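Asker: For reference, the structure I am asking about is given below.
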Amino acid sequence: MEYKIGLHIHTNLSDGKCSPEEVARIYKDAGFDAIAITDHWKYYPEGELEGLKILSGCEYNVGVRNTIEGVMHIVGIGMKEDPCINRDASCQEIIDGIKAAGGMAVLAHPAWSLNSVEQIEALHGFDMLEIYNSVSDTHQSARPYSGYLVDVLANKGIHFPLTATDDAHYYDGSDETKSYIIADSPSLEWKDIATAIEQKKFYATQGPTLKIEREGNVIRLICSECERIAFFSNLSWSSDRVFCGKGLTYAEYEIKEEEKWVRFEVRDAKGLEAWSNIFVK
């Protein structure tokens, strides 16, 4: 089964504009199967709200606004209990607390936070990285996309599963129900969703649908109609990795001898995008 899941969402329990009940109704009406409520420093337990599956979650932030002094936001999803992490905890202590409680640790909006490769390399235990974050493109933020950092990390052999999230706060049409994952999972139970994430049986999207096949070094993509399909790798340039046109629904790419990793992005006529996970040679 394929499930539509939002993994980073705020309510008025911290700095979001809507109540948990209102948020659940908004996402259920938009066709979501599950969401994680991830308010700042407020653990929200797994359950059901307004007929929508809720995954446990919390967001922990180190630093405030000045990225020179250091800012990093870490989202915990799927914890079995409140990790009870102290507000003066280090980034590594936050990750360790999330993992000890049975959850997954997600590096949130690293481009928005101007996180460096060195900062990330120094930490251990991240389960996912947000390649796109909707709210980071709204209300004077304008730094939603972390693809450059993903690629530099991949060059160093670090290949996180890639998620797209809303990080919804405003609920004014700019940041809610925009970015999510489609997970191939036997159920909406957290253990099954977590396994799908670990095995990269999901993709991140704002709407375009993907079906991905790999046979040896050949990657085949079937997608909903789009206007651009681009393959990214450790090569700075390759003549056959960008496809442009109206109504594209298929592309394939053969991993070259010099390539160590490949991923791709799709963009449709509305400008909506989808992102694959990284394929390692």
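The chains in the structure tokens are called A, B, ... from first to last as shown; in each chain the residues are counted from 1, and the ligands are counted from 1 in the order shown.
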Mind checking which residues fall within 8 Å of region 226-242 of chain A, counting only C-alpha atoms, ignoring those fewer than 5 positions away in the same chain, and posting them as an MDAnalysis selection string?
Answerer: chainID A and resid 151 154:155 208 247:249 251 253 258:269
Asker: Based on DSSP run over this structure's backbone, return all residues of region 25-237 of chain A in strand (DSSP E), as number ranges by chain.
Answerer: A: 34-37, 47-49, 52-55, 57-62, 72-77, 104-108, 128-133, 162-165, 180-184, 202-205, 210-215, 218-233
Asker: Considering only C-alpha atoms, state which residue in the set A:Tyr60, A:Tyr203, A:Phe279, A:Tyr170 is at the smallest distance from Glu2 (chain A).
Answerer: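 Closest to Glu2 (chain A) of all the choices is A:Tyr203.
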Asker: Tell me, counting only C-alpha atoms, for each residue of region 22-123 of chain A within 9 Å of region 187-197 of chain A, which pair of atoms is nearest and how far apart they are in Å to one decimal, in rows ordered by chain and increasing number, as JSON lines.
Answerer:
{"residue": "A:Asp33", "atom": "CA", "partner": "A:Leu188", "partner_atom": "CA", "distance": 8.0}
{"residue": "A:Ala34", "atom": "CA", "partner": "A:Leu188", "partner_atom": "CA", "distance": 7.5}
{"residue": "A:Glu46", "atom": "CA", "partner": "A:Trp190", "partner_atom": "CA", "distance": 8.9}
{"residue": "A:Lys53", "atom": "CA", "partner": "A:Leu188", "partner_atom": "CA", "distance": 7.7}
{"residue": "A:Leu55", "atom": "CA", "partner": "A:Trp190", "partner_atom": "CA", "distance": 7.2}
{"residue": "A:Gly78", "atom": "CA", "partner": "A:Trp190", "partner_atom": "CA", "distance": 6.4}
{"residue": "A:Gly103", "atom": "CA", "partner": "A:Ala194", "partner_atom": "CA", "distance": 8.8}
{"residue": "A:Met104", "atom": "CA", "partner": "A:Ala194", "partner_atom": "CA", "distance": 7.9}
Asker: If I take CA of Met72 (chain A) and CA of Lys156 (chain A), how far is one from the other in Å, to one decimal?
Answerer: 20.5 Å
Asker: List the spatial neighbours of region 124-141 of chain A as JSON, numbers by chain - criterion: any atom at most 8 Å away, only C-alpha atoms, same-chain residues fewer than 6 positions off excluded.
Answerer: {"A": [92, 95, 96, 99, 104, 105, 106, 107, 108, 109, 110, 112, 147, 150, 160, 161, 162, 163, 164, 165, 166, 167, 168, 169, 174, 175, 176, 178, 179, 198]}
Asker: Hey, can you spit out that residue selection with N, CA and C atoms as a PDB file, in the first residue's frame?
Answerer:
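Contents of again.pdb, as written:
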ATOM      1  N   GLN A  92      24.041  16.072  19.711  1.00  0.00           N
ATOM      2  CA  GLN A  92      24.232  14.629  19.830  1.00  0.00           C
ATOM      3  C   GLN A  92      23.378  14.041  20.943  1.00  0.00           C
ATOM      4  N   ILE A  95      19.834  13.680  19.546  1.00  0.00           N
ATOM      5  CA  ILE A  95      19.732  12.507  18.670  1.00  0.00           C
ATOM      6  C   ILE A  95      19.698  11.233  19.503  1.00  0.00           C
ATOM      7  N   ASP A  96      20.601  11.129  20.473  1.00  0.00           N
ATOM      8  CA  ASP A  96      20.670   9.928  21.312  1.00  0.00           C
ATOM      9  C   ASP A  96      19.384   9.734  22.103  1.00  0.00           C
ATOM     10  N   LYS A  99      16.647   8.381  19.767  1.00  0.00           N
ATOM     11  CA  LYS A  99      16.884   6.971  19.442  1.00  0.00           C
ATOM     12  C   LYS A  99      16.595   6.074  20.643  1.00  0.00           C
ATOM     13  N   MET A 104      13.024   8.008  15.270  1.00  0.00           N
ATOM     14  CA  MET A 104      13.950   8.364  14.200  1.00  0.00           C
ATOM     15  C   MET A 104      14.290   9.841  14.331  1.00  0.00           C
ATOM     16  N   ALA A 105      15.569  10.160  14.089  1.00  0.00           N
ATOM     17  CA  ALA A 105      16.042  11.539  14.169  1.00  0.00           C
ATOM     18  C   ALA A 105      16.195  12.109  12.763  1.00  0.00           C
ATOM     19  N   VAL A 106      15.570  13.249  12.517  1.00  0.00           N
ATOM     20  CA  VAL A 106      15.557  13.880  11.197  1.00  0.00           C
ATOM     21  C   VAL A 106      16.260  15.229  11.273  1.00  0.00           C
ATOM     22  N   LEU A 107      17.219  15.458  10.385  1.00  0.00           N
ATOM     23  CA  LEU A 107      17.839  16.771  10.283  1.00  0.00           C
ATOM     24  C   LEU A 107      16.903  17.674   9.490  1.00  0.00           C
ATOM     25  N   ALA A 108      16.348  18.669  10.155  1.00  0.00           N
ATOM     26  CA  ALA A 108      15.342  19.533   9.541  1.00  0.00           C
ATOM     27  C   ALA A 108      15.992  20.708   8.827  1.00  0.00           C
ATOM     28  N   HIS A 109      15.444  21.053   7.692  1.00  0.00           N
ATOM     29  CA  HIS A 109      15.799  22.229   6.873  1.00  0.00           C
ATOM     30  C   HIS A 109      17.252  22.684   7.035  1.00  0.00           C
ATOM     31  N   PRO A 110      18.228  21.838   6.669  1.00  0.00           N
ATOM     32  CA  PRO A 110      19.631  22.218   6.876  1.00  0.00           C
ATOM     33  C   PRO A 110      20.073  23.435   6.071  1.00  0.00           C
ATOM     34  N   TRP A 112      18.129  26.091   5.380  1.00  0.00           N
ATOM     35  CA  TRP A 112      17.573  27.219   6.150  1.00  0.00           C
ATOM     36  C   TRP A 112      18.456  27.534   7.346  1.00  0.00           C
ATOM     37  N   GLY A 147      19.295  20.533  -1.593  1.00  0.00           N
ATOM     38  CA  GLY A 147      19.903  19.594  -2.529  1.00  0.00           C
ATOM     39  C   GLY A 147      21.414  19.712  -2.630  1.00  0.00           C
ATOM     40  N   VAL A 150      22.880  17.890   0.272  1.00  0.00           N
ATOM     41  CA  VAL A 150      22.676  16.451   0.058  1.00  0.00           C
ATOM     42  C   VAL A 150      23.761  15.892  -0.850  1.00  0.00           C
ATOM     43  N   PHE A 160      21.765   9.935   3.386  1.00  0.00           N
ATOM     44  CA  PHE A 160      20.561   9.892   4.201  1.00  0.00           C
ATOM     45  C   PHE A 160      19.327   9.655   3.328  1.00  0.00           C
ATOM     46  N   PRO A 161      18.331   8.899   3.816  1.00  0.00           N
ATOM     47  CA  PRO A 161      17.018   8.952   3.172  1.00  0.00           C
ATOM     48  C   PRO A 161      16.518  10.395   3.157  1.00  0.00           C
ATOM     49  N   LEU A 162      15.847  10.800   2.075  1.00  0.00           N
ATOM     50  CA  LEU A 162      15.485  12.193   1.852  1.00  0.00           C
ATOM     51  C   LEU A 162      13.978  12.390   1.954  1.00  0.00           C
ATOM     52  N   THR A 163      13.572  13.280   2.828  1.00  0.00           N
ATOM     53  CA  THR A 163      12.154  13.559   3.004  1.00  0.00           C
ATOM     54  C   THR A 163      11.843  15.000   2.617  1.00  0.00           C
ATOM     55  N   ALA A 164      10.604  15.258   2.244  1.00  0.00           N
ATOM     56  CA  ALA A 164      10.103  16.618   2.042  1.00  0.00           C
ATOM     57  C   ALA A 164       8.977  16.838   3.045  1.00  0.00           C
ATOM     58  N   THR A 165       8.985  17.992   3.697  1.00  0.00           N
ATOM     59  CA  THR A 165       8.016  18.254   4.757  1.00  0.00           C
ATOM     60  C   THR A 165       7.450  19.661   4.631  1.00  0.00           C
ATOM     61  N   ASP A 166       6.345  19.882   5.307  1.00  0.00           N
ATOM     62  CA  ASP A 166       5.755  21.223   5.358  1.00  0.00           C
ATOM     63  C   ASP A 166       6.362  22.078   6.453  1.00  0.00           C
ATOM     64  N   ASP A 167       6.597  21.459   7.634  1.00  0.00           N
ATOM     65  CA  ASP A 167       6.977  22.259   8.802  1.00  0.00           C
ATOM     66  C   ASP A 167       5.927  23.354   8.994  1.00  0.00           C
ATOM     67  N   ALA A 168       4.659  23.003   8.790  1.00  0.00           N
ATOM     68  CA  ALA A 168       3.579  23.995   8.733  1.00  0.00           C
ATOM     69  C   ALA A 168       3.450  24.776  10.039  1.00  0.00           C
ATOM     70  N   HIS A 169       3.325  26.100   9.905  1.00  0.00           N
ATOM     71  CA  HIS A 169       3.110  27.003  11.031  1.00  0.00           C
ATOM     72  C   HIS A 169       1.933  27.947  10.778  1.00  0.00           C
ATOM     73  N   SER A 174       0.173  28.975   2.471  1.00  0.00           N
ATOM     74  CA  SER A 174       1.564  29.007   2.020  1.00  0.00           C
ATOM     75  C   SER A 174       2.371  27.789   2.429  1.00  0.00           C
ATOM     76  N   ASP A 175       1.989  27.121   3.535  1.00  0.00           N
ATOM     77  CA  ASP A 175       2.890  26.099   4.067  1.00  0.00           C
ATOM     78  C   ASP A 175       2.214  24.789   4.455  1.00  0.00           C
ATOM     79  N   GLU A 176       0.919  24.700   4.369  1.00  0.00           N
ATOM     80  CA  GLU A 176       0.251  23.470   4.791  1.00  0.00           C
ATOM     81  C   GLU A 176      -0.089  22.577   3.589  1.00  0.00           C
ATOM     82  N   LYS A 178       1.647  20.831   1.542  1.00  0.00           N
ATOM     83  CA  LYS A 178       2.433  21.069   0.330  1.00  0.00           C
ATOM     84  C   LYS A 178       3.426  19.950   0.025  1.00  0.00           C
ATOM     85  N   SER A 179       4.139  19.469   1.034  1.00  0.00           N
ATOM     86  CA  SER A 179       5.264  18.551   0.820  1.00  0.00           C
ATOM     87  C   SER A 179       5.159  17.374   1.773  1.00  0.00           C
ATOM     88  N   GLU A 198      13.659   3.099   6.367  1.00  0.00           N
ATOM     89  CA  GLU A 198      15.006   2.517   6.444  1.00  0.00           C
ATOM     90  C   GLU A 198      15.402   1.857   5.128  1.00  0.00           C
TER      91      GLU A 198
END
Asker: So which residues of region 141-269 of chain A fall under alpha helix (DSSP H) by DSSP, listed as a list of chain:residue names?
Answerer: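 The alpha helix (DSSP H) residues within region 141-269 of chain A come out as A:Gly147, A:Tyr148, A:Leu149, A:Val150, A:Asp151, A:Val152, A:Leu153, A:Ala154, A:Asn155, A:Trp190, A:Lys191, A:Asp192, A:Ile193, A:Ala194, A:Thr195, A:Ala196, A:Ile197, A:Glu198.
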Asker: Restrict the selected residues to C-alpha atoms and save them as a PDB file, in the first residue's frame.
Answerer:
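Output file selection.pdb is given in full below:
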ATOM      1  CA  GLY A 147      19.903  19.594  -2.529  1.00  0.00           C
ATOM      2  CA  TYR A 148      23.393  21.118  -2.654  1.00  0.00           C
ATOM      3  CA  LEU A 149      24.168  19.882   0.857  1.00  0.00           C
ATOM      4  CA  VAL A 150      22.676  16.451   0.058  1.00  0.00           C
ATOM      5  CA  ASP A 151      25.030  16.127  -2.909  1.00  0.00           C
ATOM      6  CA  VAL A 152      28.141  17.276  -1.051  1.00  0.00           C
ATOM      7  CA  LEU A 153      27.358  14.776   1.733  1.00  0.00           C
ATOM      8  CA  ALA A 154      26.843  12.045  -0.881  1.00  0.00           C
ATOM      9  CA  ASN A 155      30.295  12.786  -2.285  1.00  0.00           C
ATOM     10  CA  TRP A 190       4.970   2.996  12.942  1.00  0.00           C
ATOM     11  CA  LYS A 191       7.132  -0.123  12.787  1.00  0.00           C
ATOM     12  CA  ASP A 192       6.071  -0.658   9.168  1.00  0.00           C
ATOM     13  CA  ILE A 193       6.518   2.997   8.216  1.00  0.00           C
ATOM     14  CA  ALA A 194       9.943   3.041   9.879  1.00  0.00           C
ATOM     15  CA  THR A 195      10.979  -0.072   7.958  1.00  0.00           C
ATOM     16  CA  ALA A 196       9.851   1.501   4.674  1.00  0.00           C
ATOM     17  CA  ILE A 197      11.956   4.577   5.466  1.00  0.00           C
ATOM     18  CA  GLU A 198      15.006   2.517   6.444  1.00  0.00           C
TER      19      GLU A 198
END
Asker: Between A:Cys84, A:Val218, A:Leu210, A:Val117, which residue has the minimum interatomic distance to Ala101 (chain A), considering only C-alpha atoms?
Answerer: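 Smallest distance to Ala101 (chain A) is found for A:Cys84.
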Asker: For Ala111 (chain A), find every residue with an atom within 7 Å (counting only C-alpha atoms), except residues of its own chain fewer than 5 positions away, and show them as an MDAnalysis selection string.
Answerer: chainID A and resid 143:146
Asker: Separation of CA of Gly57 (chain A) and CA of Asn86 (chain A), in Å?
Answerer: 15.8 Å
Asker: Would you kindly return, as a VMD selection string, each protein, DNA or RNA residue with an atom no farther than 10 Å from any atom of Arg25 (chain A), considering only C-alpha atoms and excluding same-chain residues fewer than 5 positions away?
Answerer: chain A and resid 19 to 20 30 32 49 to 52
Asker: Next, write the just-selected residues to a file, as a PDB file, in the first residue's frame, keeping C-alpha atoms as the atom set.
Answerer:
ATOM      1  CA  SER A  19      -5.023  23.538  17.159  1.00  0.00           C
ATOM      2  CA  PRO A  20      -4.120  19.852  16.795  1.00  0.00           C
ATOM      3  CA  ALA A  30      -6.153  16.985   1.817  1.00  0.00           C
ATOM      4  CA  PHE A  32      -3.172  12.511   4.008  1.00  0.00           C
ATOM      5  CA  LEU A  49      -7.235  12.677  15.846  1.00  0.00           C
ATOM      6  CA  GLU A  50     -10.292  13.637  13.823  1.00  0.00           C
ATOM      7  CA  GLY A  51     -10.057  10.250  12.075  1.00  0.00           C
ATOM      8  CA  LEU A  52      -6.406  10.784  11.042  1.00  0.00           C
TER       9      LEU A  52
END
